[in-house]
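Source file structure_2.txt; content: compact mmCIF, C-alpha atoms.
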# COMPACT_ATOMS: atom_id res chain seq x y z
CA MET E 1 -19.73 -0.68 3.76
CA LEU E 2 -18.23 2.75 3.71
CA SER E 3 -18.73 4.94 0.67
CA VAL E 4 -15.26 5.65 -0.73
CA HIS E 5 -14.12 8.26 -3.24
CA ILE E 6 -10.74 7.69 -4.91
CA ARG E 7 -8.76 10.50 -6.45
CA ASN E 8 -5.26 11.05 -7.74
CA PHE E 9 -2.47 12.31 -5.50
CA LEU E 10 -2.26 16.07 -5.02
CA PRO E 11 0.77 18.07 -3.86
CA GLY E 12 0.28 18.66 -0.15
CA ASP E 13 -1.07 15.13 0.50
CA GLU E 14 2.34 13.92 1.67
CA PRO E 15 1.97 14.52 5.46
CA ALA E 16 -1.50 12.96 5.61
CA LEU E 17 -0.34 9.94 3.62
CA ARG E 18 2.63 9.52 5.96
CA ALA E 19 0.23 9.56 8.90
CA VAL E 20 -1.90 6.84 7.26
CA PHE E 21 1.21 4.76 6.50
CA HIS E 22 2.51 5.02 10.07
CA ALA E 23 -0.90 4.30 11.63
CA SER E 24 -1.50 1.35 9.30
CA VAL E 25 1.86 -0.27 10.01
CA HIS E 26 1.64 0.24 13.77
CA GLY E 27 -2.11 -0.32 14.11
CA LEU E 28 -2.69 -3.25 11.75
CA ALA E 29 0.61 -5.01 11.07
CA CYS E 30 1.24 -5.35 14.81
CA LYS E 31 -0.57 -8.71 14.60
CA HIS E 32 2.35 -10.18 12.63
CA TYR E 33 5.42 -8.10 13.49
CA THR E 34 7.23 -7.15 16.67
CA ALA E 35 7.46 -3.58 17.99
CA GLU E 36 11.11 -3.49 16.86
CA GLN E 37 10.11 -4.55 13.34
CA LEU E 38 7.29 -1.99 13.20
CA ASP E 39 9.62 0.79 14.32
CA ALA E 40 12.17 -0.17 11.66
CA TRP E 41 9.48 -0.30 8.97
CA ALA E 42 7.68 2.92 9.97
CA PRO E 43 9.74 4.96 12.42
CA GLN E 44 8.15 7.87 14.24
CA ARG E 45 10.89 10.19 13.00
CA TYR E 46 11.37 10.34 9.25
CA GLU E 47 12.82 12.56 6.56
CA ALA E 48 9.86 14.56 5.24
CA ALA E 49 11.61 15.56 2.00
CA THR E 50 12.44 11.93 1.17
CA TRP E 51 8.87 10.86 1.87
CA ALA E 52 7.47 13.73 -0.24
CA GLU E 53 9.77 12.79 -3.12
CA ARG E 54 8.61 9.17 -2.96
CA MET E 55 4.95 10.21 -2.99
CA ARG E 56 5.51 12.53 -5.97
CA ALA E 57 7.30 9.69 -7.80
CA ASN E 58 4.68 7.03 -6.93
CA GLN E 59 1.62 9.23 -7.63
CA PRO E 60 -0.66 7.20 -5.34
CA PHE E 61 -4.42 6.97 -5.53
CA VAL E 62 -5.99 8.46 -2.41
CA ALA E 63 -9.15 6.99 -0.88
CA HIS E 64 -11.42 9.37 1.01
CA ALA E 65 -14.28 8.40 3.26
CA GLN E 66 -17.42 10.01 1.84
CA GLY E 67 -18.99 12.40 4.28
CA ASP E 68 -16.12 13.50 6.51
CA GLY E 69 -13.47 13.53 3.79
CA SER E 70 -10.86 11.74 5.90
CA ILE E 71 -8.09 9.97 4.02
CA ALA E 72 -8.94 6.32 4.54
CA GLY E 73 -6.06 4.81 2.59
CA PHE E 74 -3.81 5.01 -0.43
CA ALA E 75 -2.17 2.77 -3.01
CA ASP E 76 -0.25 3.15 -6.23
CA LEU E 77 0.33 1.37 -9.51
CA GLN E 78 3.69 1.72 -11.20
CA ALA E 79 4.27 1.42 -14.96
CA ASP E 80 5.66 -2.12 -14.59
CA GLY E 81 2.55 -3.32 -12.73
CA CYS E 82 4.13 -3.00 -9.27
CA ILE E 83 1.93 -1.94 -6.39
CA ASP E 84 4.63 -0.26 -4.33
CA MET E 85 2.47 0.94 -1.44
CA PHE E 86 -0.98 -0.15 -0.29
CA PHE E 87 -2.14 1.10 3.11
CA VAL E 88 -5.46 1.60 4.89
CA ALA E 89 -5.89 3.66 8.04
CA PRO E 90 -6.83 1.44 11.00
CA ALA E 91 -10.04 3.40 11.64
CA PHE E 92 -11.24 2.33 8.17
CA SER E 93 -10.01 -1.27 8.18
CA GLY E 94 -12.61 -3.84 7.17
CA GLN E 95 -14.95 -1.24 5.65
CA GLY E 96 -14.24 -1.79 1.96
CA VAL E 97 -11.45 0.75 1.50
CA ALA E 98 -8.86 -1.84 0.44
CA ARG E 99 -11.34 -3.44 -1.97
CA ALA E 100 -12.13 -0.03 -3.48
CA LEU E 101 -8.43 0.76 -3.90
CA MET E 102 -7.75 -2.65 -5.46
CA ALA E 103 -10.69 -2.24 -7.86
CA HIS E 104 -9.27 1.16 -8.85
CA ILE E 105 -5.84 -0.38 -9.43
CA HIS E 106 -7.39 -3.09 -11.60
CA ALA E 107 -9.30 -0.49 -13.63
CA GLN E 108 -6.11 1.55 -14.10
CA ALA E 109 -4.17 -1.57 -15.09
CA GLN E 110 -6.80 -2.43 -17.69
CA HIS E 111 -6.77 1.16 -19.02
CA ARG E 112 -2.95 1.02 -19.26
CA ASN E 113 -2.94 -2.50 -20.76
CA THR E 114 -0.85 -3.75 -17.86
CA PRO E 115 -0.70 -7.55 -18.19
CA ARG E 116 0.41 -8.39 -14.66
CA LEU E 117 0.30 -6.93 -11.15
CA HIS E 118 2.84 -7.66 -8.42
CA ALA E 119 3.59 -6.42 -4.92
CA TYR E 120 5.80 -7.08 -1.92
CA VAL E 121 3.11 -7.88 0.61
CA SER E 122 3.31 -7.91 4.39
CA LEU E 123 2.19 -10.97 6.33
CA THR E 124 -0.79 -8.88 7.46
CA ALA E 125 -1.90 -7.98 3.91
CA GLU E 126 -1.27 -11.42 2.42
CA PRO E 127 -4.79 -12.81 3.05
CA PHE E 128 -6.36 -9.74 1.39
CA PHE E 129 -4.13 -10.03 -1.67
CA ALA E 130 -4.80 -13.79 -1.86
CA ALA E 131 -8.54 -13.07 -1.78
CA GLN E 132 -7.94 -10.81 -4.80
CA ASP E 133 -6.42 -13.79 -6.66
CA PHE E 134 -2.77 -12.85 -6.14
CA VAL E 135 -0.48 -15.83 -5.57
CA VAL E 136 2.75 -16.03 -3.59
CA GLU E 137 5.75 -16.23 -5.91
CA LEU E 138 8.45 -15.86 -3.29
CA ARG E 139 8.76 -15.58 0.47
CA GLN E 140 11.56 -13.29 1.51
CA GLN E 141 13.29 -11.46 4.30
CA VAL E 142 14.06 -7.78 3.89
CA GLU E 143 16.15 -5.58 6.14
CA ARG E 144 15.02 -2.17 7.37
CA ALA E 145 17.28 -0.22 9.72
CA GLY E 146 19.15 -3.41 10.58
CA VAL E 147 15.97 -5.34 11.41
CA VAL E 148 14.70 -8.30 9.37
CA LEU E 149 11.07 -8.36 8.24
CA HIS E 150 9.28 -11.19 6.42
CA ASN E 151 7.04 -10.59 3.44
CA ALA E 152 5.97 -12.21 0.19
CA ARG E 153 6.20 -11.26 -3.44
CA MET E 154 2.70 -11.85 -4.77
CA ALA E 155 1.49 -11.51 -8.35
CA LYS E 156 -1.58 -11.76 -10.49
CA THR E 157 -1.83 -12.15 -14.27
CA LEU E 158 -4.64 -10.04 -15.68
CA VAL E 159 -6.98 -11.19 -18.40
CA ALA E 160 -6.64 -9.09 -21.54
CA GLY E 161 -9.68 -7.30 -22.72
Let's see the structure in the file written out as C-alpha cells.
Amino acid sequence: MLSVHIRNFLPGDEPALRAVFHASVHGLACKHYTAEQLDAWAPQRYEAATWAERMRANQPFVAHAQGDGSIAGFADLQADGCIDMFFVAPAFSGQGVARALMAHIHAQAQHRNTPRLHAYVSLTAEPFFAAQDFVVELRQQVERAGVVLHNARMAKTLVAG
C-alpha cells in the first residue's frame, strides 16, 4: 500500500484538484458511464472561477503520495455530514488512497460529533462505499448538461463515542 499524507485544502490547490477530478471521472468512472455522460459530468472546458469557489467552500482534504508529493486524491466533509466530493487519481487507484481519505473523514466526523455521513455516489464508487458500511438509501437519476447520469444516495450512521 502507498503511504499517504492527508492535509487540509490550501489556496492554489484548485487547478490540481480539478485535474484529479477530471482524470478520475474519465479514467475510472468510464467502466459505468458512457463518453457522453463523462463529458457532461466532467467537461474538458470549465469555469475556473466557479471551480475555485466550490473548492474554497468545500475545504477538501487533500491526499498526497508520500515520496513524490503528487496529489493522489481529495474528499470533503460538510457540516451536515455530506461528502460532496470524493475522487482518487487513476494512477493511485487501488493503493489505499480512498481508504485513507475515508478514515480521515471518519476521524473528522467523530471530532465534530457528526452522527451520520451521506453522499451521492457514482456507480463506480458504490462498491467502495458499501465496503465502508454505507447503505443505499435511494437510487436516482441526475441531469448534467442535458445528460442523465445514475447514482445512489448512500448513508452511514456513526456510533457515538
Go through range 83-144 of chain E and flag each residue having an atom no more than 8 Å from range 53-74 of chain E; for those, report the closest pair of atoms plus their distance in Å to one decimal, using all atoms listed in the file, ordered by chain and rising number, as JSON lines.
{"residue": "E:Asp84", "atom": "CA", "partner": "E:Asn58", "partner_atom": "CA", "distance": 7.7}
{"residue": "E:Met85", "atom": "CA", "partner": "E:Phe74", "partner_atom": "CA", "distance": 7.6}
{"residue": "E:Phe86", "atom": "CA", "partner": "E:Phe74", "partner_atom": "CA", "distance": 5.9}
{"residue": "E:Phe87", "atom": "CA", "partner": "E:Gly73", "partner_atom": "CA", "distance": 5.4}
{"residue": "E:Val88", "atom": "CA", "partner": "E:Gly73", "partner_atom": "CA", "distance": 4.0}
{"residue": "E:Ala89", "atom": "CA", "partner": "E:Ala72", "partner_atom": "CA", "distance": 5.4}
{"residue": "E:Ala91", "atom": "CA", "partner": "E:Ala72", "partner_atom": "CA", "distance": 7.8}
{"residue": "E:Phe92", "atom": "CA", "partner": "E:Ala72", "partner_atom": "CA", "distance": 5.9}
{"residue": "E:Val97", "atom": "CA", "partner": "E:Ala72", "partner_atom": "CA", "distance": 6.8}
{"residue": "E:Ala98", "atom": "CA", "partner": "E:Gly73", "partner_atom": "CA", "distance": 7.5}
{"residue": "E:Leu101", "atom": "CA", "partner": "E:Ala63", "partner_atom": "CA", "distance": 7.0}
Requested in this report: Rank E:Gln95, E:Asn113, E:Thr157, E:Gln37 by their smallest atom-to-atom distance to Val4 in chain E, using all atoms listed in the file, and report the top residue only.
Outcome: E:Gln95
Box dimensions and centre (Å, one decimal) enclosing range 106-110 of chain E, axis-aligned, 8 Å extra per side, as lines of an AutoDock Vina configuration file:
center_x = -6.7
center_y = -0.8
center_z = -14.6
size_x = 21.1
size_y = 20.6
size_z = 22.1
Query raised in the report: Using only C-alpha atoms, which residues sit within 6 Å of range 117-130 of chain E once same-chain residues fewer than 4 positions away are excluded, as a ChimeraX atom specification?
Result: /E:29,81-83,134,151-156
Query - Length of the CA of Glu14 in chain E to CA of Asp80 in chain E vector [Å] - result: 23.1 Å
Rebuild range 134-156 of chain E so that it carries N, CA, C and O atoms, then output the result as a PDB file, in the frame of the given file.
ATOM      1  N   PHE E 134      -4.231 -12.922  -6.041  1.00  0.00           N
ATOM      2  CA  PHE E 134      -2.770 -12.850  -6.140  1.00  0.00           C
ATOM      3  C   PHE E 134      -2.226 -14.147  -5.550  1.00  0.00           C
ATOM      4  O   PHE E 134      -2.812 -14.714  -4.623  1.00  0.00           O
ATOM      5  N   VAL E 135      -1.115 -14.619  -6.082  1.00  0.00           N
ATOM      6  CA  VAL E 135      -0.480 -15.830  -5.570  1.00  0.00           C
ATOM      7  C   VAL E 135       0.939 -15.504  -5.104  1.00  0.00           C
ATOM      8  O   VAL E 135       1.604 -14.623  -5.661  1.00  0.00           O
ATOM      9  N   VAL E 136       1.389 -16.219  -4.104  1.00  0.00           N
ATOM     10  CA  VAL E 136       2.750 -16.030  -3.590  1.00  0.00           C
ATOM     11  C   VAL E 136       3.733 -16.610  -4.591  1.00  0.00           C
ATOM     12  O   VAL E 136       3.636 -17.783  -4.965  1.00  0.00           O
ATOM     13  N   GLU E 137       4.671 -15.776  -5.024  1.00  0.00           N
ATOM     14  CA  GLU E 137       5.750 -16.230  -5.910  1.00  0.00           C
ATOM     15  C   GLU E 137       7.021 -16.516  -5.122  1.00  0.00           C
ATOM     16  O   GLU E 137       7.794 -17.379  -5.500  1.00  0.00           O
ATOM     17  N   LEU E 138       7.206 -15.762  -4.044  1.00  0.00           N
ATOM     18  CA  LEU E 138       8.450 -15.860  -3.290  1.00  0.00           C
ATOM     19  C   LEU E 138       8.237 -15.335  -1.880  1.00  0.00           C
ATOM     20  O   LEU E 138       7.632 -14.289  -1.691  1.00  0.00           O
ATOM     21  N   ARG E 139       8.732 -16.074  -0.912  1.00  0.00           N
ATOM     22  CA  ARG E 139       8.760 -15.580   0.470  1.00  0.00           C
ATOM     23  C   ARG E 139      10.156 -15.025   0.700  1.00  0.00           C
ATOM     24  O   ARG E 139      11.143 -15.619   0.251  1.00  0.00           O
ATOM     25  N   GLN E 140      10.237 -13.892   1.352  1.00  0.00           N
ATOM     26  CA  GLN E 140      11.560 -13.290   1.510  1.00  0.00           C
ATOM     27  C   GLN E 140      11.697 -12.600   2.860  1.00  0.00           C
ATOM     28  O   GLN E 140      10.720 -12.398   3.581  1.00  0.00           O
ATOM     29  N   GLN E 141      12.935 -12.254   3.140  1.00  0.00           N
ATOM     30  CA  GLN E 141      13.290 -11.460   4.300  1.00  0.00           C
ATOM     31  C   GLN E 141      13.948 -10.196   3.786  1.00  0.00           C
ATOM     32  O   GLN E 141      14.830 -10.263   2.935  1.00  0.00           O
ATOM     33  N   VAL E 142      13.469  -9.053   4.270  1.00  0.00           N
ATOM     34  CA  VAL E 142      14.060  -7.780   3.890  1.00  0.00           C
ATOM     35  C   VAL E 142      14.579  -7.102   5.154  1.00  0.00           C
ATOM     36  O   VAL E 142      14.086  -7.358   6.250  1.00  0.00           O
ATOM     37  N   GLU E 143      15.570  -6.274   4.988  1.00  0.00           N
ATOM     38  CA  GLU E 143      16.150  -5.580   6.140  1.00  0.00           C
ATOM     39  C   GLU E 143      15.793  -4.104   6.083  1.00  0.00           C
ATOM     40  O   GLU E 143      15.925  -3.453   5.049  1.00  0.00           O
ATOM     41  N   ARG E 144      15.317  -3.583   7.201  1.00  0.00           N
ATOM     42  CA  ARG E 144      15.020  -2.170   7.370  1.00  0.00           C
ATOM     43  C   ARG E 144      15.695  -1.728   8.667  1.00  0.00           C
ATOM     44  O   ARG E 144      15.415  -2.297   9.711  1.00  0.00           O
ATOM     45  N   ALA E 145      16.581  -0.759   8.544  1.00  0.00           N
ATOM     46  CA  ALA E 145      17.280  -0.220   9.720  1.00  0.00           C
ATOM     47  C   ALA E 145      17.908  -1.326  10.557  1.00  0.00           C
ATOM     48  O   ALA E 145      17.853  -1.299  11.787  1.00  0.00           O
ATOM     49  N   GLY E 146      18.467  -2.329   9.884  1.00  0.00           N
ATOM     50  CA  GLY E 146      19.150  -3.410  10.580  1.00  0.00           C
ATOM     51  C   GLY E 146      18.237  -4.471  11.166  1.00  0.00           C
ATOM     52  O   GLY E 146      18.703  -5.366  11.866  1.00  0.00           O
ATOM     53  N   VAL E 147      16.943  -4.389  10.878  1.00  0.00           N
ATOM     54  CA  VAL E 147      15.970  -5.340  11.410  1.00  0.00           C
ATOM     55  C   VAL E 147      15.364  -6.130  10.247  1.00  0.00           C
ATOM     56  O   VAL E 147      15.007  -5.557   9.223  1.00  0.00           O
ATOM     57  N   VAL E 148      15.244  -7.436  10.426  1.00  0.00           N
ATOM     58  CA  VAL E 148      14.700  -8.300   9.370  1.00  0.00           C
ATOM     59  C   VAL E 148      13.188  -8.389   9.487  1.00  0.00           C
ATOM     60  O   VAL E 148      12.640  -8.602  10.569  1.00  0.00           O
ATOM     61  N   LEU E 149      12.528  -8.216   8.328  1.00  0.00           N
ATOM     62  CA  LEU E 149      11.070  -8.360   8.240  1.00  0.00           C
ATOM     63  C   LEU E 149      10.773  -9.416   7.180  1.00  0.00           C
ATOM     64  O   LEU E 149      11.474  -9.511   6.172  1.00  0.00           O
ATOM     65  N   HIS E 150       9.712 -10.170   7.387  1.00  0.00           N
ATOM     66  CA  HIS E 150       9.280 -11.190   6.420  1.00  0.00           C
ATOM     67  C   HIS E 150       8.129 -10.637   5.603  1.00  0.00           C
ATOM     68  O   HIS E 150       7.246  -9.961   6.131  1.00  0.00           O
ATOM     69  N   ASN E 151       8.158 -10.926   4.297  1.00  0.00           N
ATOM     70  CA  ASN E 151       7.040 -10.590   3.440  1.00  0.00           C
ATOM     71  C   ASN E 151       7.001 -11.580   2.276  1.00  0.00           C
ATOM     72  O   ASN E 151       7.767 -12.539   2.252  1.00  0.00           O
ATOM     73  N   ALA E 152       6.109 -11.321   1.345  1.00  0.00           N
ATOM     74  CA  ALA E 152       5.970 -12.210   0.190  1.00  0.00           C
ATOM     75  C   ALA E 152       5.821 -11.381  -1.074  1.00  0.00           C
ATOM     76  O   ALA E 152       5.138 -10.357  -1.074  1.00  0.00           O
ATOM     77  N   ARG E 153       6.464 -11.847  -2.124  1.00  0.00           N
ATOM     78  CA  ARG E 153       6.200 -11.260  -3.440  1.00  0.00           C
ATOM     79  C   ARG E 153       4.985 -12.016  -3.970  1.00  0.00           C
ATOM     80  O   ARG E 153       5.012 -13.243  -4.098  1.00  0.00           O
ATOM     81  N   MET E 154       3.934 -11.253  -4.251  1.00  0.00           N
ATOM     82  CA  MET E 154       2.700 -11.850  -4.770  1.00  0.00           C
ATOM     83  C   MET E 154       2.397 -11.230  -6.132  1.00  0.00           C
ATOM     84  O   MET E 154       2.749 -10.073  -6.377  1.00  0.00           O
ATOM     85  N   ALA E 155       1.774 -11.995  -7.000  1.00  0.00           N
ATOM     86  CA  ALA E 155       1.490 -11.510  -8.350  1.00  0.00           C
ATOM     87  C   ALA E 155       0.167 -12.052  -8.842  1.00  0.00           C
ATOM     88  O   ALA E 155      -0.382 -13.033  -8.315  1.00  0.00           O
ATOM     89  N   LYS E 156      -0.316 -11.385  -9.873  1.00  0.00           N
ATOM     90  CA  LYS E 156      -1.580 -11.760 -10.490  1.00  0.00           C
ATOM     91  C   LYS E 156      -1.478 -11.419 -11.977  1.00  0.00           C
ATOM     92  O   LYS E 156      -1.158 -10.289 -12.343  1.00  0.00           O
TER      93      LYS E 156
END
